[in-house]
file target_22.cif (mmCIF, C-alpha atoms)
data_input
loop_
_atom_site.label_atom_id
_atom_site.label_comp_id
_atom_site.auth_asym_id
_atom_site.auth_seq_id
_atom_site.Cartn_x
_atom_site.Cartn_y
_atom_site.Cartn_z
CA MET O 1 51.06 177.66 153.31
CA LYS O 2 47.77 177.25 151.42
CA ASN O 3 44.41 177.39 153.17
CA LYS O 4 43.16 173.87 153.80
CA ALA O 5 39.66 172.48 153.44
CA PRO O 6 37.82 172.22 156.79
CA ARG O 7 38.19 168.43 156.96
CA ASN O 8 41.84 168.42 155.87
CA LYS O 9 43.81 167.37 158.96
CA THR O 10 47.20 167.01 157.29
CA ILE O 11 50.03 168.06 159.60
CA GLU O 12 51.96 170.83 157.84
CA LEU O 13 54.49 173.23 159.34
CA THR O 14 55.52 176.75 158.41
CA ALA O 15 59.20 177.52 157.91
CA LYS O 16 59.25 179.08 161.37
CA GLU O 17 57.65 176.02 162.95
CA ILE O 18 60.11 173.71 161.19
CA GLY O 19 62.94 175.68 162.75
CA GLN O 20 61.35 175.57 166.19
CA TYR O 21 60.65 171.84 166.19
CA ALA O 22 63.99 171.01 164.58
CA LYS O 23 65.67 172.48 167.67
CA LYS O 24 64.28 169.53 169.64
CA THR O 25 66.22 167.06 167.51
CA ILE O 26 69.84 166.04 168.08
CA LYS O 27 72.90 165.23 165.97
CA LEU O 28 75.61 162.76 166.91
CA SER O 29 79.36 163.15 166.50
CA ALA O 30 80.68 160.48 168.87
CA LEU O 31 79.60 157.24 170.52
CA VAL O 32 76.82 157.92 173.05
CA ASP O 33 75.11 156.21 175.95
CA LEU O 34 71.54 155.00 175.53
CA SER O 35 70.26 157.71 177.87
CA GLN O 36 71.49 160.38 175.45
CA VAL O 37 69.40 159.14 172.51
CA LEU O 38 66.43 157.48 174.20
CA ASN O 39 63.14 159.01 173.03
CA LYS O 40 64.98 161.38 170.69
CA THR O 41 64.81 162.23 167.01
CA ILE O 42 68.27 162.28 165.43
CA CYS O 43 68.31 164.65 162.46
CA GLN O 44 71.19 163.14 160.54
CA ASP O 45 72.03 160.71 157.77
CA ALA O 46 71.48 157.17 159.06
CA PHE O 47 74.79 156.02 157.57
CA LYS O 48 76.57 158.32 160.05
CA ALA O 49 74.23 158.22 163.04
CA LEU O 50 74.13 154.42 163.29
CA ASP O 51 77.87 154.34 163.99
CA PHE O 52 77.39 156.39 167.16
CA LEU O 53 74.54 154.45 168.78
CA PRO O 54 75.29 152.13 171.73
CA ALA O 55 75.69 148.41 171.15
CA ASN O 56 73.20 145.81 172.40
CA SER O 57 70.56 148.43 173.18
CA VAL O 58 67.68 147.86 170.74
CA ASP O 59 64.83 145.38 171.20
CA LEU O 60 63.00 146.02 167.94
CA LEU O 61 64.20 147.39 164.60
CA ILE O 62 61.54 148.69 162.21
CA VAL O 63 62.83 149.97 158.89
CA ASP O 64 60.97 151.62 156.03
CA PRO O 65 63.90 152.44 153.75
CA PRO O 66 63.57 154.21 150.41
CA TYR O 67 62.35 151.66 147.90
CA ASN O 68 64.27 151.37 144.66
CA LEU O 69 62.21 154.13 143.07
CA THR O 70 62.99 157.71 142.13
CA LYS O 71 61.31 159.79 144.85
CA ASN O 72 61.49 163.37 146.07
CA PHE O 73 61.93 163.53 149.85
CA ALA O 74 61.60 167.20 150.85
CA GLY O 75 63.83 168.29 147.99
CA THR O 76 66.31 165.42 148.21
CA ILE O 77 65.97 163.00 145.31
CA PHE O 78 66.47 159.28 145.87
CA LYS O 79 67.21 157.86 142.41
CA GLU O 80 66.31 154.41 141.19
CA MET O 81 69.36 152.23 140.63
CA GLY O 82 70.19 148.81 139.24
CA LEU O 83 69.19 145.89 141.47
CA ASP O 84 72.80 144.96 142.27
CA ASP O 85 73.58 148.57 143.23
CA TYR O 86 70.48 148.69 145.41
CA LYS O 87 71.59 145.53 147.19
CA VAL O 88 74.94 147.17 147.93
CA TRP O 89 73.11 150.23 149.29
CA LEU O 90 70.94 148.04 151.53
CA ASP O 91 73.93 146.16 152.85
CA LYS O 92 75.87 149.32 153.73
CA TRP O 93 73.36 150.53 156.32
CA LEU O 94 71.82 147.23 157.40
CA LYS O 95 75.11 145.72 158.58
CA LYS O 96 75.55 148.75 160.85
CA THR O 97 72.42 147.75 162.81
CA VAL O 98 73.63 144.28 163.80
CA ARG O 99 75.77 145.37 166.76
CA LEU O 100 72.96 147.62 168.06
CA LEU O 101 70.46 144.79 168.50
CA LYS O 102 70.00 142.69 171.61
CA GLY O 103 70.28 138.94 171.24
CA ASN O 104 66.50 138.45 171.26
CA ALA O 105 65.70 141.41 168.99
CA SER O 106 63.27 141.33 166.08
CA ILE O 107 63.62 143.11 162.75
CA TYR O 108 60.94 144.26 160.28
CA ILE O 109 61.92 145.65 156.87
CA CYS O 110 59.30 147.25 154.60
CA SER O 111 59.45 146.90 150.83
CA ASP O 112 57.41 147.04 147.66
CA TRP O 113 57.13 144.07 145.30
CA LYS O 114 60.24 145.01 143.35
CA THR O 115 62.44 145.78 146.37
CA SER O 116 61.31 142.52 147.98
CA ILE O 117 63.60 140.64 145.65
CA ALA O 118 66.63 142.06 147.47
CA ILE O 119 65.57 142.01 151.14
CA PRO O 120 65.90 138.28 152.06
CA GLU O 121 69.22 137.98 150.29
CA ILE O 122 70.84 140.92 152.09
CA ALA O 123 69.14 140.74 155.50
CA GLY O 124 69.50 136.95 155.49
CA LYS O 125 73.27 137.44 155.80
CA TYR O 126 72.79 138.81 159.32
CA PHE O 127 69.39 137.65 160.61
CA LEU O 128 67.04 134.65 160.70
CA LEU O 129 64.06 134.96 158.36
CA GLN O 130 60.77 134.18 160.11
CA ASN O 131 58.06 135.34 157.72
CA ARG O 132 56.90 137.78 155.06
CA ILE O 133 53.84 139.92 155.71
CA SER O 134 51.95 141.23 152.69
CA TRP O 135 49.51 144.08 153.21
CA GLU O 136 47.00 145.66 150.87
CA ARG O 137 47.85 149.27 150.11
CA GLU O 138 44.56 150.41 148.62
CA LYS O 139 45.72 153.96 147.93
CA GLY O 140 47.30 154.77 144.58
CA ARG O 141 46.65 155.34 140.92
CA GLY O 142 45.57 152.64 138.51
CA ALA O 143 47.92 151.52 135.74
CA GLN O 144 46.99 151.71 132.05
CA ASN O 145 49.01 148.72 130.84
CA ASN O 146 49.72 146.73 134.00
CA TRP O 147 48.08 145.53 137.20
CA LYS O 148 47.56 148.26 139.79
CA ASN O 149 50.29 148.03 142.42
CA CYS O 150 48.49 147.81 145.77
CA LEU O 151 50.61 145.29 147.68
CA GLU O 152 53.58 145.90 149.95
CA ASP O 153 55.68 143.50 152.00
CA ILE O 154 57.18 143.57 155.46
CA TRP O 155 59.96 141.03 156.00
CA PHE O 156 60.15 139.64 159.54
CA PHE O 157 63.57 138.60 160.82
CA THR O 158 65.01 137.87 164.26
CA LYS O 159 68.57 138.02 165.51
CA SER O 160 68.30 134.57 167.07
CA LYS O 161 65.80 131.80 167.76
CA ASP O 162 64.97 133.48 171.07
CA TYR O 163 62.60 136.39 170.42
CA THR O 164 59.41 138.09 171.61
CA PHE O 165 56.07 137.40 169.95
CA ASN O 166 52.94 138.53 171.82
CA LEU O 167 50.24 136.58 170.01
CA ASP O 168 47.31 137.73 172.14
CA ALA O 169 48.19 141.39 171.55
CA VAL O 170 47.59 141.12 167.81
CA LYS O 171 44.71 138.68 167.49
CA VAL O 172 42.14 139.73 164.90
CA GLN O 173 38.48 140.40 165.65
CA ARG O 174 36.23 138.63 163.16
CA PRO O 175 32.42 138.48 163.11
CA VAL O 176 30.87 135.12 163.99
CA ILE O 177 28.63 133.80 161.23
CA ALA O 178 27.54 130.60 162.99
CA PRO O 179 27.58 131.35 166.75
CA TYR O 180 27.66 127.91 168.38
CA ARG O 181 26.95 127.56 172.09
CA ASP O 182 27.89 124.86 174.57
CA SER O 183 25.43 122.72 176.51
CA SER O 184 24.93 125.47 179.09
CA GLY O 185 24.10 128.04 176.42
CA LYS O 186 27.35 129.98 176.73
CA PRO O 187 29.21 131.15 173.60
CA LYS O 188 31.67 128.51 172.36
CA ASP O 189 34.97 130.10 171.32
CA TRP O 190 33.39 133.48 170.58
CA ILE O 191 32.37 136.65 172.42
CA ASP O 192 29.05 138.45 172.74
CA ASP O 193 29.55 141.98 174.07
CA GLY O 194 25.93 142.98 173.67
CA GLN O 195 26.55 144.86 170.45
CA SER O 196 28.21 142.26 168.25
CA LYS O 197 29.25 138.63 168.13
CA PHE O 198 32.90 138.05 167.28
CA ARG O 199 35.84 135.71 167.60
CA LEU O 200 39.48 136.60 168.24
CA THR O 201 41.56 134.66 165.75
CA HIS O 202 45.27 134.19 165.11
CA PRO O 203 46.65 136.84 162.76
CA SER O 204 47.92 135.75 159.37
CA ASN O 205 50.67 137.22 157.20
CA ILE O 206 48.13 138.80 154.83
CA TRP O 207 46.66 142.08 156.06
CA THR O 208 43.69 143.69 154.34
CA ASP O 209 42.57 146.03 157.13
CA ILE O 210 45.09 148.86 156.68
CA SER O 211 44.22 152.36 155.47
CA VAL O 212 47.08 154.45 154.09
CA PRO O 213 47.00 157.94 155.67
CA PHE O 214 45.03 160.48 153.65
CA TRP O 215 44.10 164.14 154.04
CA SER O 216 41.20 163.71 156.50
CA MET O 217 43.18 161.55 158.92
CA PRO O 218 44.90 163.41 161.80
CA GLU O 219 48.12 161.40 161.35
CA ASN O 220 48.54 162.43 157.71
CA THR O 221 51.66 164.39 156.69
CA PRO O 222 53.24 165.56 153.41
CA HIS O 223 55.71 162.66 153.48
CA PRO O 224 55.33 160.75 150.19
CA THR O 225 55.70 157.23 151.63
CA GLN O 226 54.20 157.56 155.12
CA LYS O 227 53.19 154.32 156.81
CA PRO O 228 49.98 154.12 158.91
CA GLU O 229 50.23 154.05 162.70
CA LYS O 230 47.92 151.04 162.73
CA LEU O 231 50.36 149.07 160.57
CA ILE O 232 53.33 149.85 162.79
CA ALA O 233 51.27 149.22 165.94
CA LYS O 234 50.86 145.58 164.95
CA LEU O 235 54.62 145.14 164.64
CA ILE O 236 55.36 146.89 167.92
CA LEU O 237 52.70 145.03 169.92
CA ALA O 238 53.72 141.64 168.53
CA SER O 239 57.48 141.98 168.86
CA SER O 240 58.18 144.18 171.88
CA ASN O 241 57.06 144.78 175.45
CA LYS O 242 56.37 148.01 177.30
CA GLY O 243 59.60 149.82 178.08
CA ASP O 244 61.50 148.18 175.22
CA VAL O 245 63.55 150.24 172.76
CA VAL O 246 62.33 150.58 169.17
CA LEU O 247 64.74 151.93 166.52
CA ASP O 248 63.81 153.28 163.10
CA PRO O 249 66.81 154.56 161.09
CA PHE O 250 64.57 156.02 158.34
CA VAL O 251 61.80 157.38 160.55
CA GLY O 252 60.50 159.91 158.01
CA SER O 253 57.61 161.91 159.47
CA GLY O 254 57.78 159.87 162.67
CA THR O 255 55.23 157.07 162.50
CA THR O 256 57.39 154.48 164.28
CA SER O 257 58.45 156.84 167.07
CA VAL O 258 54.93 158.18 167.57
CA THR O 259 53.35 154.74 167.63
CA ALA O 260 56.01 153.44 170.02
CA LYS O 261 55.32 156.35 172.35
CA LYS O 262 51.56 155.75 172.25
CA LEU O 263 52.11 152.09 173.12
CA GLY O 264 54.45 152.69 176.04
CA ARG O 265 57.72 151.83 174.32
CA ASN O 266 60.91 153.87 174.11
CA TYR O 267 62.06 154.99 170.69
CA ILE O 268 65.03 156.23 168.70
CA GLY O 269 64.28 157.78 165.32
CA ILE O 270 66.79 158.85 162.68
CA GLU O 271 65.75 161.18 159.86
CA ARG O 272 67.98 163.09 157.47
CA GLU O 273 65.48 165.72 156.26
CA LYS O 274 64.93 168.64 158.63
CA GLU O 275 61.29 169.14 157.61
CA TYR O 276 60.32 165.53 158.32
CA ALA O 277 62.28 165.45 161.58
CA ALA O 278 60.39 168.57 162.66
CA ILE O 279 57.04 167.00 161.74
CA CYS O 280 58.07 163.96 163.77
CA GLU O 281 58.62 166.17 166.81
CA LYS O 282 55.27 167.86 166.23
CA ARG O 283 53.52 164.49 166.11
CA LEU O 284 55.28 163.34 169.28
CA GLU O 285 53.99 166.48 170.98
CA MET O 286 50.47 165.76 169.72
CA ALA O 287 50.69 162.19 171.02
CA GLU O 288 50.98 163.50 174.56
CA ILE O 289 47.50 165.01 174.20
CA ASN O 290 45.91 162.29 172.08
CA PRO O 291 47.44 158.79 172.35
CA GLU O 292 44.79 157.15 170.15
CA ILE O 293 45.71 155.07 167.12
CA GLN O 294 43.12 155.15 164.36
CA GLY O 295 41.73 151.66 163.77
CA PHE O 296 42.93 150.31 167.14
CA GLU O 297 40.42 150.59 169.98
CA ASN O 298 40.34 148.94 173.40
CA GLY O 299 43.10 146.56 172.39
CA ILE O 300 41.31 145.45 169.22
CA PHE O 301 42.28 146.14 165.59
CA LYS O 302 39.18 147.29 163.72
CA SER O 303 38.27 146.73 160.09
CA ARG O 304 39.58 149.18 157.48
CA ASN O 305 38.02 152.67 157.58
CA SER O 306 35.87 151.80 160.59
#

call {"tool": "encode", "arguments": {"input": "target_22.cif", "output": "structure tokens"}}
result
Amino acid sequence: MKNKAPRNKTIELTAKEIGQYAKKTIKLSALVDLSQVLNKTICQDAFKALDFLPANSVDLLIVDPPYNLTKNFAGTIFKEMGLDDYKVWLDKWLKKTVRLLKGNASIYICSDWKTSIAIPEIAGKYFLLQNRISWEREKGRGAQNNWKNCLEDIWFFTKSKDYTFNLDAVKVQRPVIAPYRDSSGKPKDWIDDGQSKFRLTHPSNIWTDISVPFWSMPENTPHPTQKPEKLIAKLILASSNKGDVVLDPFVGSGTTSVTAKKLGRNYIGIEREKEYAAICEKRLEMAEINPEIQGFENGIFKSRNS
């Protein structure tokens, strides 16, 4: 492992550490009870592991599947395919999740602009579409002959019309430009905490306050498509309650499991690559010492990079 710059906080493991943390993961070979997989990382291909999870046990499904791009995931190459073939691939694993979800469960599926074409068609076969969230992914290289790709989507589905949505938990703090007061002089629909004047507003489906993990952030890992804890925190807070079960069948370096743990939820994470599963376990261990989520303080989501 190379020597890192002093401010580089990227979580990297030696071969020995990967082996040690991988021992904390499990692998399934038969149908299990919820107690056997609760708050565990399953190091196994999702196509196999999903068949062994208990039915009607998951409150919230968060999925960040490989987009239809050629990517190297710890030595395993996911190859870009034709759109119709990608739809078939999506359907194969997504239909396995239906029996796992409770009747009032919510589902979030991440995608880039190109993959977005397929998500509503395939997921719409099993779930009710509620919304599409678009978030600004400011990290990335500029294009020479096209617009820079800095937008990703998260498709919001539910299993039924009965579902959890905690509006107050995800309201957005915005500065007050014209701070009106009522007749008694008290703030009217805004808050003055002595340091700033702000209003808590309803969140929209366009998010511009997200920072993609980079080398100086303590949540950063070598995973090529890691999602920020702040991003996942919004989904978890809005669509689950403390003690609920959150499942991520492509958990990667562990963001969903780690964020769920920090927010008092139970989690089940599935990851095929041993290195990423080990990093997930390392991050879960770190979360016991430091439960903070960068950009989320005292129940408020802060502006990007603040």

call {"tool": "closest_residue", "arguments": {"input": "target_22.cif", "among": "O:Thr25, O:Asn56, O:Asn72, O:Ser257", "to": "O:Cys43", "atoms": "all atoms listed in the file"}}
result
O:Thr25

call {"tool": "resolve_selection", "arguments": {"input": "target_22.cif", "expression": "the PyMOL selection byres ((chain O and resi 126) around 12)", "output": "list in words"}}
result
Asp91, Leu94, Lys95, Lys96, Thr97, Val98, Arg99, Leu101, Ser106, Ile107, Ile119, Pro120, Glu121, Ile122, Ala123, Gly124, Lys125, Phe127, Leu128, Leu129, Phe157, Thr158, Lys159 and Ser160 of chain O

call {"tool": "resolve_selection", "arguments": {"input": "target_22.cif", "expression": "the PyMOL selection byres ((chain O and resi 65) around 8)", "output": "NGL selection string"}}
result
:O and (63-64 or 66-67 or 109-111 or 250)

call {"tool": "atom_distance", "arguments": {"input": "target_22.cif", "atom1": "atom CA of O:Gly252", "atom2": "atom CA of O:Asn220"}}
result
12.2 Å

call {"tool": "atom_distance", "arguments": {"input": "target_22.cif", "atom1": "atom CA of O:Thr76", "atom2": "atom CA of O:Phe214"}}
result
22.5 Å

call {"tool": "residues_around", "arguments": {"input": "target_22.cif", "residues": "O:Ser57", "least_positions_apart": "6", "cutoff": "8 Å", "atoms": "only C-alpha atoms", "output": "list in words"}}
result
Leu34, Leu100, Leu101, Lys102 and Val245 of chain O

call {"tool": "resolve_selection", "arguments": {"input": "target_22.cif", "expression": "the PyMOL selection byres ((chain O and resi 290-303) around 12)", "output": "PyMOL selection string"}}
result
chain O and resi 168-175+198-201+203+207-213+216-220+228-234+237+255+258-264+283-289+304-306

call {"tool": "atom_distance", "arguments": {"input": "target_22.cif", "atom1": "atom CA of O:Asn146", "atom2": "atom CA of O:Ile117"}}
result
19.1 Å

call {"tool": "closest_residue", "arguments": {"input": "target_22.cif", "among": "O:Tyr108, O:Phe73, O:Trp113, O:Phe52", "to": "O:Glu275", "atoms": "only C-alpha atoms"}}
result
O:Phe73

call {"tool": "residues_around", "arguments": {"input": "target_22.cif", "residues": "O:Ile42", "least_positions_apart": "5", "cutoff": "10 Å", "atoms": "all atoms listed in the file", "output": "PyMOL selection string"}}
result
chain O and resi 22+24-28+37+49+249+251+268-272+274+277

call {"tool": "closest_residue", "arguments": {"input": "target_22.cif", "among": "O:Pro222, O:Leu69, O:Ile133, O:Ala278", "to": "O:Ser204", "atoms": "all atoms listed in the file"}}
result
O:Ile133

call {"tool": "closest_residue", "arguments": {"input": "target_22.cif", "among": "O:Asp51, O:Glu80, O:Asp112, O:Gly75", "to": "O:Trp93", "atoms": "all atoms listed in the file"}}
result
O:Asp51
